[in-house]
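Next comes start10.cif, with mmCIF, C-alpha atoms.
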```cif
data_upload
#
loop_
_atom_site.label_atom_id
_atom_site.label_comp_id
_atom_site.auth_asym_id
_atom_site.auth_seq_id
_atom_site.Cartn_x
_atom_site.Cartn_y
_atom_site.Cartn_z
CA MET A 1 -5.28 39.43 8.00
CA THR A 2 -4.65 36.60 5.56
CA ASP A 3 -3.00 33.30 6.29
CA SER A 4 0.10 33.25 4.08
CA GLY A 5 0.53 29.54 4.71
CA ALA A 6 -2.91 28.58 3.43
CA PRO A 7 -1.88 28.13 -0.24
CA ASP A 8 1.03 25.90 0.83
CA ARG A 9 -1.27 23.76 2.96
CA ARG A 10 -3.80 23.47 0.13
CA ARG A 11 -1.05 22.40 -2.25
CA ALA A 12 0.26 19.93 0.32
CA ARG A 13 -3.20 18.39 0.75
CA LEU A 14 -3.49 18.05 -3.03
CA GLU A 15 -0.09 16.36 -3.14
CA VAL A 16 -1.08 13.83 -0.47
CA LEU A 17 -4.41 13.23 -2.22
CA GLY A 18 -2.59 12.85 -5.54
CA ALA A 19 -0.34 10.23 -3.96
CA ALA A 20 -3.39 8.31 -2.70
CA VAL A 21 -5.01 8.43 -6.16
CA LEU A 22 -1.82 7.12 -7.79
CA PHE A 23 -1.50 4.37 -5.18
CA SER A 24 -5.13 3.40 -5.87
CA THR A 25 -4.45 2.61 -9.54
CA GLY A 26 -2.33 -0.40 -8.60
CA GLY A 27 -5.06 -3.03 -8.58
CA ALA A 28 -6.57 -2.15 -11.96
CA ALA A 29 -3.15 -1.74 -13.58
CA ILE A 30 -1.85 -5.05 -12.26
CA LYS A 31 -4.95 -6.78 -13.64
CA GLY A 32 -4.54 -4.93 -16.96
CA THR A 33 -1.43 -6.82 -18.03
CA ALA A 34 -1.21 -10.39 -19.31
CA LEU A 35 2.13 -10.91 -17.56
CA THR A 36 2.46 -13.15 -14.52
CA ALA A 37 2.40 -11.80 -10.99
CA TRP A 38 6.13 -12.44 -10.61
CA GLN A 39 6.90 -10.59 -13.83
CA VAL A 40 4.75 -7.62 -12.82
CA ALA A 41 6.19 -7.50 -9.30
CA GLY A 42 9.81 -7.78 -10.46
CA VAL A 43 9.75 -5.23 -13.24
CA ARG A 44 7.49 -2.82 -11.34
CA SER A 45 9.83 -2.78 -8.37
CA LEU A 46 12.95 -2.36 -10.51
CA VAL A 47 11.42 0.60 -12.35
CA ALA A 48 10.12 2.02 -9.06
CA ALA A 49 13.53 1.84 -7.39
CA LEU A 50 15.14 3.71 -10.28
CA ALA A 51 12.33 6.28 -10.32
CA LEU A 52 12.62 6.88 -6.56
CA LEU A 53 16.38 7.36 -6.79
CA VAL A 54 15.87 9.96 -9.53
CA LEU A 55 12.85 11.75 -8.02
CA LEU A 56 13.95 11.78 -4.37
CA PRO A 57 17.58 12.75 -3.74
CA ALA A 58 17.15 11.98 -0.04
CA ALA A 59 16.62 8.33 -0.97
CA ARG A 60 20.25 8.18 -2.12
CA ARG A 61 21.68 9.18 1.26
CA HIS A 62 22.41 7.49 4.59
CA TRP A 63 21.98 3.86 3.57
CA ARG A 64 22.40 1.60 6.59
CA PRO A 65 22.48 -2.19 7.07
CA ARG A 66 19.41 -2.14 9.31
CA SER A 67 17.42 -0.63 6.43
CA VAL A 68 17.73 -3.99 4.68
CA ALA A 69 15.69 -5.77 7.36
CA VAL A 70 12.81 -3.30 7.08
CA GLY A 71 13.19 -3.27 3.30
CA ALA A 72 12.80 -7.05 3.23
CA PHE A 73 9.38 -6.85 4.88
CA TYR A 74 8.37 -4.11 2.43
CA ALA A 75 9.61 -6.25 -0.48
CA ALA A 76 7.42 -9.13 0.72
CA THR A 77 4.47 -6.73 0.90
CA LEU A 78 5.05 -5.56 -2.68
CA ILE A 79 5.22 -9.10 -4.06
CA LEU A 80 2.29 -10.44 -2.05
CA PHE A 81 0.09 -7.49 -3.01
CA VAL A 82 0.69 -8.17 -6.71
CA LEU A 83 -0.03 -11.88 -6.20
CA ALA A 84 -3.25 -11.02 -4.38
CA ASN A 85 -4.42 -8.68 -7.14
CA LYS A 86 -3.75 -11.33 -9.78
CA LEU A 87 -5.77 -13.95 -7.92
CA THR A 88 -8.62 -12.17 -6.14
CA THR A 89 -10.53 -8.92 -6.57
CA ALA A 90 -8.84 -5.55 -6.16
CA ALA A 91 -11.28 -4.79 -3.33
CA ASN A 92 -10.33 -7.90 -1.37
CA ALA A 93 -6.60 -7.31 -1.93
CA ILE A 94 -6.66 -3.75 -0.60
CA TYR A 95 -9.08 -4.43 2.25
CA LEU A 96 -7.15 -7.46 3.49
CA GLN A 97 -3.97 -5.44 3.60
CA ALA A 98 -5.69 -3.51 6.39
CA VAL A 99 -4.66 -6.32 8.75
CA GLY A 100 -1.54 -4.21 9.20
CA PRO A 101 -2.87 -2.21 12.19
CA LEU A 102 -3.63 -5.46 14.02
CA VAL A 103 0.02 -6.47 13.65
CA VAL A 104 1.14 -3.03 14.78
CA MET A 105 -1.01 -3.36 17.91
CA VAL A 106 0.89 -6.53 18.87
CA LEU A 107 4.38 -5.36 17.94
CA ALA A 108 4.31 -1.69 18.97
CA PRO A 109 4.65 -2.36 22.73
CA LEU A 110 7.60 -4.69 22.10
CA VAL A 111 9.50 -2.72 19.45
CA LEU A 112 8.41 0.90 19.86
CA ALA A 113 7.46 0.99 23.54
CA GLU A 114 4.08 2.32 22.41
CA HIS A 115 1.36 0.75 24.51
CA VAL A 116 -2.10 0.19 23.09
CA ARG A 117 -4.66 2.45 24.72
CA ARG A 118 -7.93 1.02 25.97
CA GLN A 119 -9.95 3.28 23.63
CA ASP A 120 -8.09 1.81 20.63
CA VAL A 121 -9.37 -1.71 21.25
CA PRO A 122 -12.92 -1.24 19.82
CA PHE A 123 -11.47 0.09 16.55
CA VAL A 124 -9.09 -2.86 16.27
CA VAL A 125 -11.95 -5.27 16.95
CA ALA A 126 -14.04 -3.53 14.28
CA MET A 127 -11.21 -3.88 11.76
CA ALA A 128 -10.86 -7.55 12.60
CA GLY A 129 -14.61 -7.97 12.07
CA GLY A 130 -14.34 -6.23 8.71
CA LEU A 131 -11.56 -8.59 7.65
CA ALA A 132 -13.72 -11.55 8.67
CA LEU A 133 -16.52 -10.26 6.45
CA VAL A 134 -14.14 -10.01 3.50
CA PHE A 135 -13.18 -13.67 3.96
CA ALA A 136 -16.79 -14.72 4.58
CA GLY A 137 -17.99 -13.91 1.07
CA GLN A 138 -17.81 -16.81 -1.36
CA GLN A 139 -16.32 -15.06 -4.38
CA GLN A 140 -16.75 -17.12 -7.53
CA PRO A 141 -13.72 -17.29 -9.84
CA ILE A 142 -13.85 -14.72 -12.64
CA ALA A 143 -11.42 -13.64 -15.34
CA THR A 144 -9.79 -10.95 -13.21
CA ALA A 145 -9.93 -13.03 -10.01
CA PRO A 146 -9.31 -16.68 -11.00
CA ASN A 147 -8.47 -18.02 -7.51
CA PRO A 148 -10.13 -15.83 -4.87
CA PHE A 149 -9.25 -18.01 -1.87
CA ALA A 150 -5.53 -18.12 -2.66
CA GLY A 151 -5.64 -14.42 -3.47
CA ASN A 152 -7.31 -13.67 -0.15
CA LEU A 153 -4.57 -15.55 1.67
CA ALA A 154 -1.92 -13.58 -0.23
CA GLY A 155 -3.77 -10.37 0.60
CA ALA A 156 -3.88 -11.21 4.31
CA ALA A 157 -0.20 -12.14 4.20
CA SER A 158 0.59 -8.79 2.57
CA GLY A 159 -1.24 -7.11 5.44
CA LEU A 160 0.89 -9.08 7.90
CA THR A 161 4.17 -8.04 6.26
CA TRP A 162 2.84 -4.49 5.88
CA GLY A 163 2.30 -4.36 9.63
CA PHE A 164 5.93 -5.38 10.19
CA THR A 165 6.94 -2.73 7.63
CA ILE A 166 5.00 0.02 9.43
CA VAL A 167 6.63 -0.83 12.75
CA GLY A 168 10.05 -0.95 11.10
CA LEU A 169 9.55 2.38 9.35
CA ARG A 170 8.37 3.97 12.60
CA TRP A 171 11.44 2.64 14.37
CA MET A 172 13.80 3.85 11.62
CA GLY A 173 12.02 7.19 11.23
CA SER A 174 12.39 7.99 14.92
CA ARG A 175 16.14 8.05 14.31
CA ASP A 176 16.44 9.41 10.77
CA GLN A 177 13.61 10.55 8.48
CA ASP A 178 15.68 9.87 5.35
CA ALA A 179 15.94 6.24 6.44
CA ILE A 180 12.26 5.75 5.55
CA LEU A 181 12.96 6.52 1.91
CA ASN A 182 16.04 4.27 2.03
CA CYS A 183 13.83 1.39 3.18
CA VAL A 184 11.34 2.00 0.37
CA VAL A 185 14.09 1.96 -2.26
CA ILE A 186 15.81 -1.06 -0.73
CA GLY A 187 12.49 -2.89 -0.51
CA ASN A 188 11.86 -2.37 -4.21
CA LEU A 189 15.39 -3.52 -5.04
CA ILE A 190 14.97 -6.67 -2.94
CA ALA A 191 11.60 -7.41 -4.57
CA ALA A 192 13.18 -7.01 -8.00
CA ALA A 193 16.13 -9.22 -7.04
CA VAL A 194 13.78 -11.96 -5.79
CA CYS A 195 11.50 -11.89 -8.84
CA LEU A 196 13.74 -11.14 -11.80
CA PRO A 197 15.68 -14.45 -11.86
CA VAL A 198 12.45 -16.46 -12.29
CA ILE A 199 10.52 -14.35 -14.81
CA TRP A 200 12.40 -14.98 -18.04
CA PRO A 201 11.57 -14.95 -20.84
CA ILE A 202 9.19 -11.98 -20.79
CA HIS A 203 6.84 -11.93 -23.76
CA ALA A 204 5.27 -8.52 -23.27
CA SER A 205 3.22 -6.35 -25.59
CA VAL A 206 3.59 -2.60 -25.86
CA HIS A 207 0.55 -2.30 -23.60
CA ASP A 208 2.22 -4.54 -21.00
CA TRP A 209 5.40 -2.45 -20.99
CA LEU A 210 3.48 0.80 -20.72
CA THR A 211 1.52 -0.66 -17.80
CA LEU A 212 4.73 -1.70 -16.04
CA LEU A 213 6.21 1.75 -16.57
CA TRP A 214 3.05 3.31 -15.12
CA LEU A 215 3.21 1.04 -12.08
CA GLY A 216 6.88 1.72 -11.41
CA ILE A 217 7.19 5.41 -12.28
CA PHE A 218 3.80 6.77 -11.29
CA GLN A 219 1.95 4.31 -9.05
CA ILE A 220 5.01 3.97 -6.78
CA GLY A 221 7.70 6.51 -7.72
CA MET A 222 5.65 9.66 -8.32
CA ALA A 223 3.21 8.71 -5.56
CA TYR A 224 5.98 8.59 -2.96
CA ALA A 225 7.48 11.82 -4.32
CA LEU A 226 4.14 13.59 -3.83
CA LEU A 227 3.59 12.00 -0.45
CA THR A 228 6.98 13.00 0.94
CA ARG A 229 6.49 16.59 -0.30
CA GLY A 230 2.95 16.98 0.98
CA VAL A 231 3.08 15.12 4.28
CA ARG A 232 5.58 17.62 5.73
CA HIS A 233 3.02 20.44 5.55
CA VAL A 234 -0.24 18.78 6.61
CA THR A 235 -1.42 17.46 9.93
CA ALA A 236 -1.34 13.76 10.67
CA LEU A 237 -5.15 13.85 10.68
CA ASP A 238 -5.33 15.38 7.21
CA ALA A 239 -2.78 12.93 5.82
CA SER A 240 -4.57 9.90 7.29
CA LEU A 241 -7.95 10.95 5.92
CA LEU A 242 -6.62 11.90 2.48
CA LEU A 243 -4.78 8.60 2.13
CA LEU A 244 -8.05 6.73 2.67
CA ALA A 245 -8.79 7.65 -0.93
CA GLU A 246 -6.61 4.67 -1.91
CA PRO A 247 -8.82 1.85 -0.53
CA VAL A 248 -11.93 3.73 -1.64
CA LEU A 249 -10.80 4.23 -5.24
CA ASN A 250 -8.88 0.98 -5.76
CA PRO A 251 -11.95 -1.22 -6.36
CA VAL A 252 -13.65 1.60 -8.28
CA TRP A 253 -10.94 1.61 -10.95
CA ALA A 254 -11.10 -2.20 -11.19
CA TRP A 255 -14.87 -2.00 -11.68
CA MET A 256 -14.70 0.81 -14.24
CA ILE A 257 -11.86 -0.69 -16.29
CA HIS A 258 -12.38 -4.45 -15.90
CA GLY A 259 -16.02 -4.71 -14.80
CA GLU A 260 -14.87 -6.46 -11.63
CA ARG A 261 -17.55 -6.58 -8.94
CA PRO A 262 -16.60 -7.53 -5.38
CA THR A 263 -19.07 -9.50 -3.28
CA SER A 264 -21.49 -7.71 -0.98
CA TRP A 265 -19.63 -9.30 1.94
CA ALA A 266 -16.34 -7.75 0.78
CA LEU A 267 -17.98 -4.35 0.34
CA ALA A 268 -19.51 -4.60 3.80
CA GLY A 269 -16.16 -5.59 5.29
CA GLY A 270 -14.44 -2.75 3.48
CA ALA A 271 -17.03 -0.30 4.77
CA VAL A 272 -16.45 -1.49 8.35
CA ILE A 273 -12.67 -1.21 7.98
CA LEU A 274 -12.82 2.26 6.43
CA SER A 275 -15.35 3.47 8.99
CA ALA A 276 -13.17 2.24 11.85
CA SER A 277 -10.13 3.90 10.26
CA VAL A 278 -11.93 7.23 9.87
CA ALA A 279 -13.33 7.09 13.42
CA ARG A 280 -9.92 6.26 14.90
CA THR A 281 -8.28 9.03 12.88
CA MET A 282 -10.84 11.58 13.97
CA MET A 283 -10.39 10.49 17.58
CA ALA A 284 -6.69 11.29 17.26
CA ARG A 285 -7.55 14.98 17.43
CA ASP A 286 -8.55 14.64 21.08
#
```
Please, can you express the file's structure as structure tokens?
Amino acid sequence: MTDSGAPDRRRARLEVLGAAVLFSTGGAAIKGTALTAWQVAGVRSLVAALALLVLLPAARRHWRPRSVAVGAFYAATLILFVLANKLTTAANAIYLQAVGPLVVMVLAPLVLAEHVRRQDVPFVVAMAGGLALVFAGQQQPIATAPNPFAGNLAGAASGLTWGFTIVGLRWMGSRDQDAILNCVVIGNLIAAAVCLPVIWPIHASVHDWLTLLWLGIFQIGMAYALLTRGVRHVTALDASLLLLAEPVLNPVWAWMIHGERPTSWALAGGAVILSASVARTMMARD
């Protein structure tokens, strides 16, 4: 007897993996344009918002005022992540964003009435240790990472706002699944509104414009379209593991395209963070 749902699950896993791969191109693409961080963040988010509205009809429904608050935290995450990638290595930017779960641990009991379990504490401590290792490495300024310390601070700040975003999305999603997509669109619109007034004039080459279109349409828009399609038909465990392809591949693309090499400390910290994430995800099956 064959499992008629197997092909659908395989396709769904490929869609989630495809989303993770598209997300992972962000660091290398951001570094591949000569435009400023504010220009990249503003135009990327404007294009992304339009792409999401076209690709995901559900994103056009049920807009609510409370979505703006969550969207504001997501907008801050979008801008800070671009700033981090412009100033430090792609590896540091993506690894430092992993501070999000630490924020969730603090806020979840207050906002979601989800209490932290005792067995979760070692994984959180491990992630915190990994973040400390990322900061411990003395990255020397290079062409693609001209101010590593400032970039690391922006990366950690993006992790902080991402933690607030996760809690907000969980809170909204418990009431209306479409509200999650609303928050993503609104966040991109807010990011564009914040950045666009201060980015003129834009002196962009054809390569710059193509990069911005890639970031908006594919790295955000198409990635979320694939994720929302696939995540409905895979287990939470599968989705969590497949999405780990993003932090794994992000620094790989930066190395392959720009020759950017993170410090051994950053790689060690990233390994600790990813290992803790995988272990915690696998434990979720119990």
Considering all atoms listed in the file, can you say which of A:Asn250, A:Asn152, A:Gln119, A:Asn85 comes closest to A:Ala279? A:Gln119
Quick one: everything within 6 Å of A:Val134, counting all atoms listed in the file, minus sequence neighbours fewer than 6 positions away in the same chain. Send it as an mmCIF file with C-alpha atoms, in the coordinates of the input.
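File around-v4.cif, as written:
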```cif
data_model
loop_
_atom_site.group_PDB
_atom_site.id
_atom_site.type_symbol
_atom_site.label_atom_id
_atom_site.label_comp_id
_atom_site.auth_asym_id
_atom_site.auth_seq_id
_atom_site.Cartn_x
_atom_site.Cartn_y
_atom_site.Cartn_z
ATOM 1 C CA TRP A 265 -19.630 -9.300 1.940
ATOM 2 C CA ALA A 266 -16.340 -7.750 0.780
ATOM 3 C CA GLY A 269 -16.160 -5.590 5.290
#
```
For the PyMOL selection byres ((chain A and resi 244) around 9), applied here, can you spell out every residue it catches as a PyMOL selection string? chain A and resi 17+20+239-243+245-249+274+277-278
Need the shell around A:Trp162: protein/DNA/RNA residues with any atom at most 7 Å away, counting all atoms listed in the file. Skip same-chain ones fewer than 4 positions apart. Format as a ChimeraX atom specification? /A:74,77,100,158,166
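Separating atom CA of A:Val104 from atom CA of A:Phe164 is a distance of 7.0 Å.
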Please evaluate the PyMOL selection byres ((chain A and resi 141-146) around 7) against the structure above and give the resulting residues as a VMD selection string. chain A and resid 31 86 to 89 139 to 140 147 to 148 260
Of the candidates A:Gly130, A:Gly259, A:Gly42, A:Gly151, which shows the shortest atom-to-atom distance to A:Ala193, using only C-alpha atoms? A:Gly42
Starting from the displayed file, determine the output of the PyMOL selection byres ((chain A and resi 64) around 12) and express the residue list as a count of residues only. 22
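For the atom pair formed by atom CA of A:Ala29 and atom CA of A:Val47, the distance is 14.8 Å, given to one decimal.
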In Å to one decimal, how far is atom CA of A:Val99 from atom CA of A:Ala157? 8.6 Å
Close residues, A:Ile199 itself excluded, 9 Å, all atoms listed in the file, min 2 positions apart in chain, as a PyMOL selection string: chain A and resi 36+38-39+42+195-197+201-202
Need the neighbours of (-7.5, -3.7, 7.8): which residues are at most 8 Å away, counting only C-alpha atoms, as a VMD selection string? chain A and resid 95 to 102 127 to 128 130 to 131 159 273
Of the candidates A:Asp238, A:Leu226, A:Ala41, A:Leu50, which shows the shortest atom-to-atom distance to A:Leu22, using only C-alpha atoms? A:Leu226
With stretch 229-235 of chain A as the partner and 12 Å as the cut-off, tabulate the residues of stretch 14-84 of chain A that qualify, each row holding the nearest pair of atoms and their distance in Å to one decimal, using only C-alpha atoms, sorted by chain and rising number, as CSV.
```
residue,atom,partner,partner_atom,distance
A:Leu14,CA,A:Gly230,CA,7.7
A:Glu15,CA,A:Gly230,CA,5.2
A:Val16,CA,A:Gly230,CA,5.3
A:Leu17,CA,A:Gly230,CA,8.9
A:Gly18,CA,A:Gly230,CA,9.5
A:Ala19,CA,A:Gly230,CA,9.0
A:Ala20,CA,A:Gly230,CA,11.4
A:Leu55,CA,A:Arg229,CA,11.1
A:Leu56,CA,A:Arg229,CA,9.8
A:Ala58,CA,A:Arg229,CA,11.6
```
Could you check which of A:Ala72, A:Ala91, A:Ala49, A:Ala268 is closest to A:Trp253, using all atoms listed in the file? A:Ala91
